[in-house]
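Data file: protein_13.csv. Format and content: CSV, C-alpha atoms.
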chain,number,residue,atom,x,y,z
A,1,MET,CA,25.1,189.7,40.0
A,2,LEU,CA,24.5,187.8,43.2
A,3,LEU,CA,26.3,184.8,41.8
A,4,ALA,CA,29.4,186.9,41.1
A,5,VAL,CA,29.4,188.2,44.7
A,6,VAL,CA,29.0,184.7,46.1
A,7,LEU,CA,31.8,183.4,43.9
A,8,LEU,CA,34.2,186.2,44.8
A,9,CYS,CA,33.5,186.1,48.6
A,10,GLY,CA,33.7,182.4,48.8
A,11,CYS,CA,37.0,182.0,47.0
A,12,ASP,CA,40.3,182.1,48.9
A,13,HIS,CA,42.2,182.5,45.7
A,14,GLY,CA,44.3,179.4,46.5
A,15,LYS,CA,45.7,180.7,49.8
A,16,ARG,CA,44.3,177.9,51.9
A,17,ARG,CA,45.2,175.0,49.7
A,18,THR,CA,47.4,172.4,51.1
A,19,GLU,CA,49.3,169.8,49.3
A,20,PRO,CA,48.5,166.3,50.2
A,21,ARG,CA,51.0,164.8,52.5
A,22,PRO,CA,53.1,162.0,51.1
A,23,PRO,CA,52.3,158.7,52.5
A,24,GLN,CA,54.3,157.7,55.6
A,25,PRO,CA,56.8,155.0,54.9
A,26,LYS,CA,55.6,151.6,56.2
A,27,LEU,CA,57.8,149.8,58.7
A,28,SER,CA,59.3,146.6,57.6
A,29,PHE,CA,57.8,143.5,59.3
A,30,VAL,CA,61.0,143.2,61.4
A,31,ALA,CA,60.8,146.9,62.5
A,32,LEU,CA,57.1,146.7,63.3
A,33,ASP,CA,57.7,143.5,65.3
A,34,ARG,CA,60.5,145.1,67.2
A,35,GLU,CA,58.4,148.2,68.0
A,36,HIS,CA,55.6,146.0,69.3
A,37,GLN,CA,58.0,143.7,71.2
A,38,ARG,CA,59.6,146.8,72.9
A,39,LEU,CA,56.1,148.0,74.1
A,40,VAL,CA,55.2,144.6,75.4
A,41,ARG,CA,58.6,144.1,77.1
A,42,ASP,CA,58.2,147.4,78.9
A,43,TYR,CA,54.7,146.5,80.0
A,44,GLU,CA,55.3,142.9,81.0
A,45,PRO,CA,56.7,143.5,84.5
A,46,VAL,CA,53.2,145.0,85.4
A,47,SER,CA,51.5,141.8,84.3
A,48,ALA,CA,54.0,139.6,86.1
A,49,ALA,CA,53.7,141.5,89.4
A,50,MET,CA,49.9,141.7,89.1
A,51,THR,CA,49.1,138.2,90.3
A,52,ALA,CA,50.8,138.7,93.7
A,53,TYR,CA,49.1,142.0,94.1
A,54,GLU,CA,45.7,140.6,93.2
A,55,ILE,CA,46.1,137.7,95.7
A,56,ALA,CA,47.0,140.3,98.4
A,57,PHE,CA,43.9,142.4,97.4
A,58,ARG,CA,41.7,139.3,97.6
A,59,ASP,CA,43.2,138.3,101.0
A,60,TRP,CA,42.5,141.8,102.3
A,61,ARG,CA,38.9,141.7,101.1
A,62,LEU,CA,38.5,138.4,102.9
A,63,GLY,CA,40.1,139.7,106.1
A,64,ARG,CA,43.2,137.5,105.8
A,65,LEU,CA,45.5,140.4,105.3
A,66,SER,CA,45.8,143.7,107.2
A,67,GLN,CA,45.2,147.0,105.5
A,68,THR,CA,48.8,148.0,106.3
A,69,ASP,CA,50.1,145.0,104.5
A,70,LEU,CA,47.8,145.6,101.5
A,71,LEU,CA,49.0,149.2,101.3
A,72,ALA,CA,52.6,148.1,101.4
A,73,ARG,CA,52.1,145.6,98.6
A,74,ALA,CA,50.0,148.1,96.6
A,75,ASN,CA,52.8,150.7,97.0
A,76,ALA,CA,55.4,148.1,95.7
A,77,TYR,CA,53.2,147.3,92.8
A,78,ARG,CA,52.6,151.0,92.1
A,79,GLY,CA,56.4,151.4,91.8
A,80,VAL,CA,56.4,148.7,89.1
A,81,VAL,CA,53.5,150.4,87.3
A,82,ARG,CA,55.1,153.8,87.4
A,83,HIS,CA,58.4,152.5,86.1
A,84,ALA,CA,56.7,150.7,83.2
A,85,ARG,CA,54.7,153.8,82.4
A,86,ALA,CA,57.9,155.9,82.2
A,87,LEU,CA,59.5,153.3,79.9
A,88,LEU,CA,56.4,153.1,77.7
A,89,ARG,CA,56.2,156.9,77.4
A,90,GLY,CA,59.8,156.9,76.1
A,91,ASP,CA,59.2,154.2,73.5
A,92,ARG,CA,59.0,155.1,69.9
A,93,ALA,CA,55.7,154.2,68.2
A,94,THR,CA,54.7,154.9,64.6
A,95,GLY,CA,51.5,154.8,62.7
A,96,GLU,CA,48.7,152.9,64.3
A,97,THR,CA,51.0,151.6,67.0
A,98,ARG,CA,50.8,155.1,68.6
A,99,GLN,CA,47.2,154.5,69.5
A,100,ALA,CA,48.1,151.2,71.2
A,101,LYS,CA,50.9,152.9,73.1
A,102,GLN,CA,48.6,155.7,74.3
A,103,LEU,CA,46.1,153.2,75.5
A,104,LEU,CA,48.8,151.3,77.4
A,105,VAL,CA,50.2,154.5,78.9
A,106,SER,CA,46.7,155.6,79.9
A,107,ALA,CA,46.0,152.2,81.4
A,108,LEU,CA,49.1,152.4,83.6
A,109,GLY,CA,48.1,155.9,84.7
A,110,ALA,CA,44.7,154.7,85.7
A,111,ARG,CA,46.2,151.7,87.5
A,112,ALA,CA,48.6,153.9,89.4
A,113,GLY,CA,45.7,156.1,90.4
A,114,ALA,CA,43.7,153.1,91.6
A,115,LEU,CA,46.6,151.9,93.8
A,116,VAL,CA,46.9,155.4,95.4
A,117,ALA,CA,43.1,155.4,96.1
A,118,LEU,CA,43.3,152.3,98.2
A,119,PRO,CA,41.7,151.5,100.6
A,120,HIS,CA,38.8,153.6,99.3
A,121,LEU,CA,37.0,151.2,97.0
A,122,ARG,CA,34.6,153.8,95.5
A,123,ALA,CA,37.6,155.7,94.0
A,124,TYR,CA,39.6,152.5,93.4
A,125,ASN,CA,37.1,150.4,91.4
A,126,PRO,CA,36.4,152.8,88.5
A,127,LEU,CA,40.1,153.5,88.0
A,128,TRP,CA,41.1,149.8,88.2
A,129,ASN,CA,38.3,148.9,85.8
A,130,ARG,CA,39.5,151.6,83.4
A,131,SER,CA,43.0,150.4,83.6
A,132,GLU,CA,42.0,146.9,82.7
A,133,SER,CA,39.8,147.9,79.8
A,134,GLN,CA,42.4,150.3,78.3
A,135,ALA,CA,45.1,147.6,78.6
A,136,ARG,CA,42.9,145.1,76.8
A,137,ALA,CA,42.1,147.7,74.1
A,138,GLY,CA,45.8,148.5,73.7
A,139,LEU,CA,46.6,144.8,73.3
A,140,SER,CA,43.7,144.4,70.8
A,141,VAL,CA,45.0,147.3,68.7
A,142,LEU,CA,48.5,145.7,68.6
A,143,GLN,CA,47.0,142.3,67.7
A,144,ASP,CA,44.9,143.8,64.9
A,145,ILE,CA,48.0,145.5,63.5
A,146,ARG,CA,49.9,142.2,63.8
A,147,ASP,CA,47.1,140.3,62.1
A,148,ARG,CA,47.0,142.6,59.1
A,149,ALA,CA,50.8,142.4,58.9
A,150,ARG,CA,50.6,138.6,59.3
A,151,LEU,CA,53.0,138.7,62.3
A,152,ILE,CA,52.9,136.1,65.1
A,153,PRO,CA,50.3,137.2,67.8
A,154,LEU,CA,51.5,138.5,71.1
A,155,PRO,CA,50.9,136.3,74.1
A,156,GLU,CA,47.5,137.2,75.6
A,157,ASP,CA,49.0,137.4,79.1
A,158,SER,CA,51.7,139.8,78.2
A,159,VAL,CA,49.4,142.8,78.8
A,160,SER,CA,46.9,142.6,81.7

Kindly present the structure from the file in structure tokens form.
Amino acid sequence: MLLAVVLLCGCDHGKRRTEPRPPQPKLSFVALDREHQRLVRDYEPVSAAMTAYEIAFRDWRLGRLSQTDLLARANAYRGVVRHARALLRGDRATGETRQAKQLLVSALGARAGALVALPHLRAYNPLWNRSESQARAGLSVLQDIRDRARLIPLPEDSVS
């Protein structure tokens, strides 16, 4: 009797069953490469402008640059970061590439936050470090996808 009660109570009579989703179509090699190249193209201005910003930051830390000049350069760099973030958010990403895109978008959000936090290094450092690690993780995800698809690797300095 107890077995019958358990079987009747535990059965949903097929109401919760779901059909398995059909597999998502895989992108062609060309389409996957274009998707990745678009993400990298939208991120690259951040990497290109970063060297000048890092030199200014170093000079400020060494007392060779005024705080006002540093903040002006950080604000200019933040404009590049925010523009790249807006472009990346609008980019289409499918499959595993979505994870890489999200990491890159998050990295740029943390970087913009770090630049706003200047000159307060206690707030700046964790945000800046997070931005660097998320950017590296995003690039690693893209490289892993490209390795499995046997596509040419992305330049390491395209995302920094």

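Restricting the calculation to only C-alpha atoms, the smallest distance between A:Tyr124 and any of A:Arg146, A:Arg38, A:Arg73, A:Arg111 is found for A:Arg111.
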
| Using all atoms listed in the file: which of A:Leu121, A:Leu103, A:Val116, A:Ala137 has the shortest distance to A:Asn75 |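 Of the candidates, the smallest distance to A:Asn75 is held by A:Val116.
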
| said: Please report the interatomic distance between atom CA of A:Lys26 and atom CA of A:Ile145 in Å with one decimal. | reply: 12.2 Å

| message | Under the rule that only C-alpha atoms are counted, which of A:Arg85, A:Arg64, A:Arg58, A:Lys101 is the nearest residue to A:Leu139? | response |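 Among A:Arg85, A:Arg64, A:Arg58, A:Lys101, it is A:Lys101 that comes nearest to A:Leu139.
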
Residue contacts of A:Thr68 (12 Å, all atoms listed in the file) excluding same-chain residues fewer than 4 positions away, as a compact mmCIF listing (two decimals) with C-alpha atoms, keeping the file's coordinate frame:
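Heads up, here's the output in part23.txt:
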# COMPACT_ATOMS: atom_id res chain seq x y z
CA ALA A 56 47.00 140.30 98.40
CA PHE A 57 43.90 142.40 97.40
CA TRP A 60 42.50 141.80 102.30
CA ARG A 64 43.20 137.50 105.80
CA ALA A 72 52.60 148.10 101.40
CA ARG A 73 52.10 145.60 98.60
CA ALA A 74 50.00 148.10 96.60
CA ASN A 75 52.80 150.70 97.00
CA LEU A 118 43.30 152.30 98.20
CA PRO A 119 41.70 151.50 100.60

| query | Between A:Asp157, A:Leu142, A:Gln134, A:Asp69, which has the minimum distance to A:Leu108 (counting all atoms listed in the file)? | reply | A:Gln134

Compile the contact shell of A:Ala93 as an mmCIF file with C-alpha atoms, in the coordinates of the input: residues with an atom at most 10 Å away, counting only C-alpha atoms, same-chain residues fewer than 3 positions apart removed.
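Written file, around_32.cif:
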data_model
loop_
_atom_site.group_PDB
_atom_site.id
_atom_site.type_symbol
_atom_site.label_atom_id
_atom_site.label_comp_id
_atom_site.auth_asym_id
_atom_site.auth_seq_id
_atom_site.Cartn_x
_atom_site.Cartn_y
_atom_site.Cartn_z
ATOM 1 C CA LEU A 32 57.100 146.700 63.300
ATOM 2 C CA GLU A 35 58.400 148.200 68.000
ATOM 3 C CA HIS A 36 55.600 146.000 69.300
ATOM 4 C CA ARG A 38 59.600 146.800 72.900
ATOM 5 C CA LEU A 39 56.100 148.000 74.100
ATOM 6 C CA LEU A 88 56.400 153.100 77.700
ATOM 7 C CA ARG A 89 56.200 156.900 77.400
ATOM 8 C CA GLY A 90 59.800 156.900 76.100
ATOM 9 C CA GLU A 96 48.700 152.900 64.300
ATOM 10 C CA THR A 97 51.000 151.600 67.000
ATOM 11 C CA ARG A 98 50.800 155.100 68.600
ATOM 12 C CA GLN A 99 47.200 154.500 69.500
ATOM 13 C CA ALA A 100 48.100 151.200 71.200
ATOM 14 C CA LYS A 101 50.900 152.900 73.100
ATOM 15 C CA GLN A 102 48.600 155.700 74.300
#

| request: Using atom CA of A:Ser131 and atom CA of A:Ser158 as the two end points, give the distance in Å to one decimal. | output: 14.7 Å

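Of the residues listed (A:Val141, A:Ile152, A:Ala110, A:Ala76), A:Ala76 shows the shortest atom-to-atom separation from A:Met50; distances use only C-alpha atoms.
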
| query | What is the distance between atom CA of A:Pro155 and atom CA of A:Glu54, in Å to one decimal? | reply | 20.3 Å

| task | Would you kindly return, as a PyMOL selection string, each protein, DNA or RNA residue with an atom no farther than 12 Å from any atom of A:His83, considering only C-alpha atoms and excluding same-chain residues fewer than 4 positions away? | result | chain A and resi 42-46+76-79+87-90+105+108-109+112

So that I have them on file, write out the residues from the current selection with C-alpha atoms, as an mmCIF file, in the frame of the given file.
data_model
loop_
_atom_site.group_PDB
_atom_site.id
_atom_site.type_symbol
_atom_site.label_atom_id
_atom_site.label_comp_id
_atom_site.auth_asym_id
_atom_site.auth_seq_id
_atom_site.Cartn_x
_atom_site.Cartn_y
_atom_site.Cartn_z
ATOM 1 C CA ASP A 42 58.200 147.400 78.900
ATOM 2 C CA TYR A 43 54.700 146.500 80.000
ATOM 3 C CA GLU A 44 55.300 142.900 81.000
ATOM 4 C CA PRO A 45 56.700 143.500 84.500
ATOM 5 C CA VAL A 46 53.200 145.000 85.400
ATOM 6 C CA ALA A 76 55.400 148.100 95.700
ATOM 7 C CA TYR A 77 53.200 147.300 92.800
ATOM 8 C CA ARG A 78 52.600 151.000 92.100
ATOM 9 C CA GLY A 79 56.400 151.400 91.800
ATOM 10 C CA LEU A 87 59.500 153.300 79.900
ATOM 11 C CA LEU A 88 56.400 153.100 77.700
ATOM 12 C CA ARG A 89 56.200 156.900 77.400
ATOM 13 C CA GLY A 90 59.800 156.900 76.100
ATOM 14 C CA VAL A 105 50.200 154.500 78.900
ATOM 15 C CA LEU A 108 49.100 152.400 83.600
ATOM 16 C CA GLY A 109 48.100 155.900 84.700
ATOM 17 C CA ALA A 112 48.600 153.900 89.400
#

| For A:Leu70, which residue among A:Arg130, A:Ala31, A:Arg41, A:Ala52 is the nearest when counting only C-alpha atoms? |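 Among A:Arg130, A:Ala31, A:Arg41, A:Ala52, it is A:Ala52 that comes nearest to A:Leu70.
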
Starting from the structure just given, write a file holding stretch 117-130 of chain A with N, CA, C and O atoms, as a PDB file, in the first residue's frame.
ATOM      1  N   ALA A 117      38.013  55.656  -9.670  1.00  0.00           N
ATOM      2  CA  ALA A 117      38.463  55.615  -8.277  1.00  0.00           C
ATOM      3  C   ALA A 117      39.753  56.393  -8.041  1.00  0.00           C
ATOM      4  O   ALA A 117      40.070  56.705  -6.892  1.00  0.00           O
ATOM      5  N   LEU A 118      40.499  56.683  -9.088  1.00  0.00           N
ATOM      6  CA  LEU A 118      41.752  57.427  -8.904  1.00  0.00           C
ATOM      7  C   LEU A 118      41.473  58.770  -8.248  1.00  0.00           C
ATOM      8  O   LEU A 118      40.445  59.380  -8.521  1.00  0.00           O
ATOM      9  N   PRO A 119      42.296  59.217  -7.395  1.00  0.00           N
ATOM     10  CA  PRO A 119      43.630  58.762  -7.005  1.00  0.00           C
ATOM     11  C   PRO A 119      43.639  57.850  -5.774  1.00  0.00           C
ATOM     12  O   PRO A 119      44.682  57.628  -5.172  1.00  0.00           O
ATOM     13  N   HIS A 120      42.511  57.332  -5.394  1.00  0.00           N
ATOM     14  CA  HIS A 120      42.395  56.486  -4.197  1.00  0.00           C
ATOM     15  C   HIS A 120      42.792  55.047  -4.542  1.00  0.00           C
ATOM     16  O   HIS A 120      41.992  54.272  -5.049  1.00  0.00           O
ATOM     17  N   LEU A 121      44.024  54.721  -4.245  1.00  0.00           N
ATOM     18  CA  LEU A 121      44.598  53.438  -4.666  1.00  0.00           C
ATOM     19  C   LEU A 121      43.957  52.236  -3.993  1.00  0.00           C
ATOM     20  O   LEU A 121      43.942  51.148  -4.571  1.00  0.00           O
ATOM     21  N   ARG A 122      43.417  52.403  -2.801  1.00  0.00           N
ATOM     22  CA  ARG A 122      42.759  51.263  -2.137  1.00  0.00           C
ATOM     23  C   ARG A 122      41.529  50.812  -2.914  1.00  0.00           C
ATOM     24  O   ARG A 122      41.210  49.631  -2.930  1.00  0.00           O
ATOM     25  N   ALA A 123      40.836  51.721  -3.524  1.00  0.00           N
ATOM     26  CA  ALA A 123      39.682  51.374  -4.355  1.00  0.00           C
ATOM     27  C   ALA A 123      40.129  51.001  -5.764  1.00  0.00           C
ATOM     28  O   ALA A 123      39.557  50.117  -6.405  1.00  0.00           O
ATOM     29  N   TYR A 124      41.167  51.666  -6.243  1.00  0.00           N
ATOM     30  CA  TYR A 124      41.656  51.477  -7.614  1.00  0.00           C
ATOM     31  C   TYR A 124      42.252  50.087  -7.832  1.00  0.00           C
ATOM     32  O   TYR A 124      41.908  49.399  -8.802  1.00  0.00           O
ATOM     33  N   ASN A 125      43.167  49.683  -6.947  1.00  0.00           N
ATOM     34  CA  ASN A 125      43.934  48.448  -7.177  1.00  0.00           C
ATOM     35  C   ASN A 125      43.079  47.196  -7.358  1.00  0.00           C
ATOM     36  O   ASN A 125      43.308  46.439  -8.313  1.00  0.00           O
ATOM     37  N   PRO A 126      42.100  46.922  -6.493  1.00  0.00           N
ATOM     38  CA  PRO A 126      41.321  45.690  -6.715  1.00  0.00           C
ATOM     39  C   PRO A 126      40.531  45.723  -8.025  1.00  0.00           C
ATOM     40  O   PRO A 126      40.420  44.703  -8.702  1.00  0.00           O
ATOM     41  N   LEU A 127      40.008  46.893  -8.379  1.00  0.00           N
ATOM     42  CA  LEU A 127      39.254  46.991  -9.634  1.00  0.00           C
ATOM     43  C   LEU A 127      40.174  46.821 -10.834  1.00  0.00           C
ATOM     44  O   LEU A 127      39.833  46.133 -11.803  1.00  0.00           O
ATOM     45  N   TRP A 128      41.336  47.438 -10.781  1.00  0.00           N
ATOM     46  CA  TRP A 128      42.282  47.320 -11.893  1.00  0.00           C
ATOM     47  C   TRP A 128      42.746  45.869 -12.042  1.00  0.00           C
ATOM     48  O   TRP A 128      42.795  45.332 -13.146  1.00  0.00           O
ATOM     49  N   ASN A 129      43.067  45.231 -10.918  1.00  0.00           N
ATOM     50  CA  ASN A 129      43.506  43.827 -10.965  1.00  0.00           C
ATOM     51  C   ASN A 129      42.402  42.927 -11.508  1.00  0.00           C
ATOM     52  O   ASN A 129      42.667  42.007 -12.287  1.00  0.00           O
ATOM     53  N   ARG A 130      41.159  43.188 -11.098  1.00  0.00           N
ATOM     54  CA  ARG A 130      40.035  42.404 -11.620  1.00  0.00           C
ATOM     55  C   ARG A 130      39.911  42.601 -13.126  1.00  0.00           C
ATOM     56  O   ARG A 130      39.671  41.656 -13.872  1.00  0.00           O
TER      57      ARG A 130
END
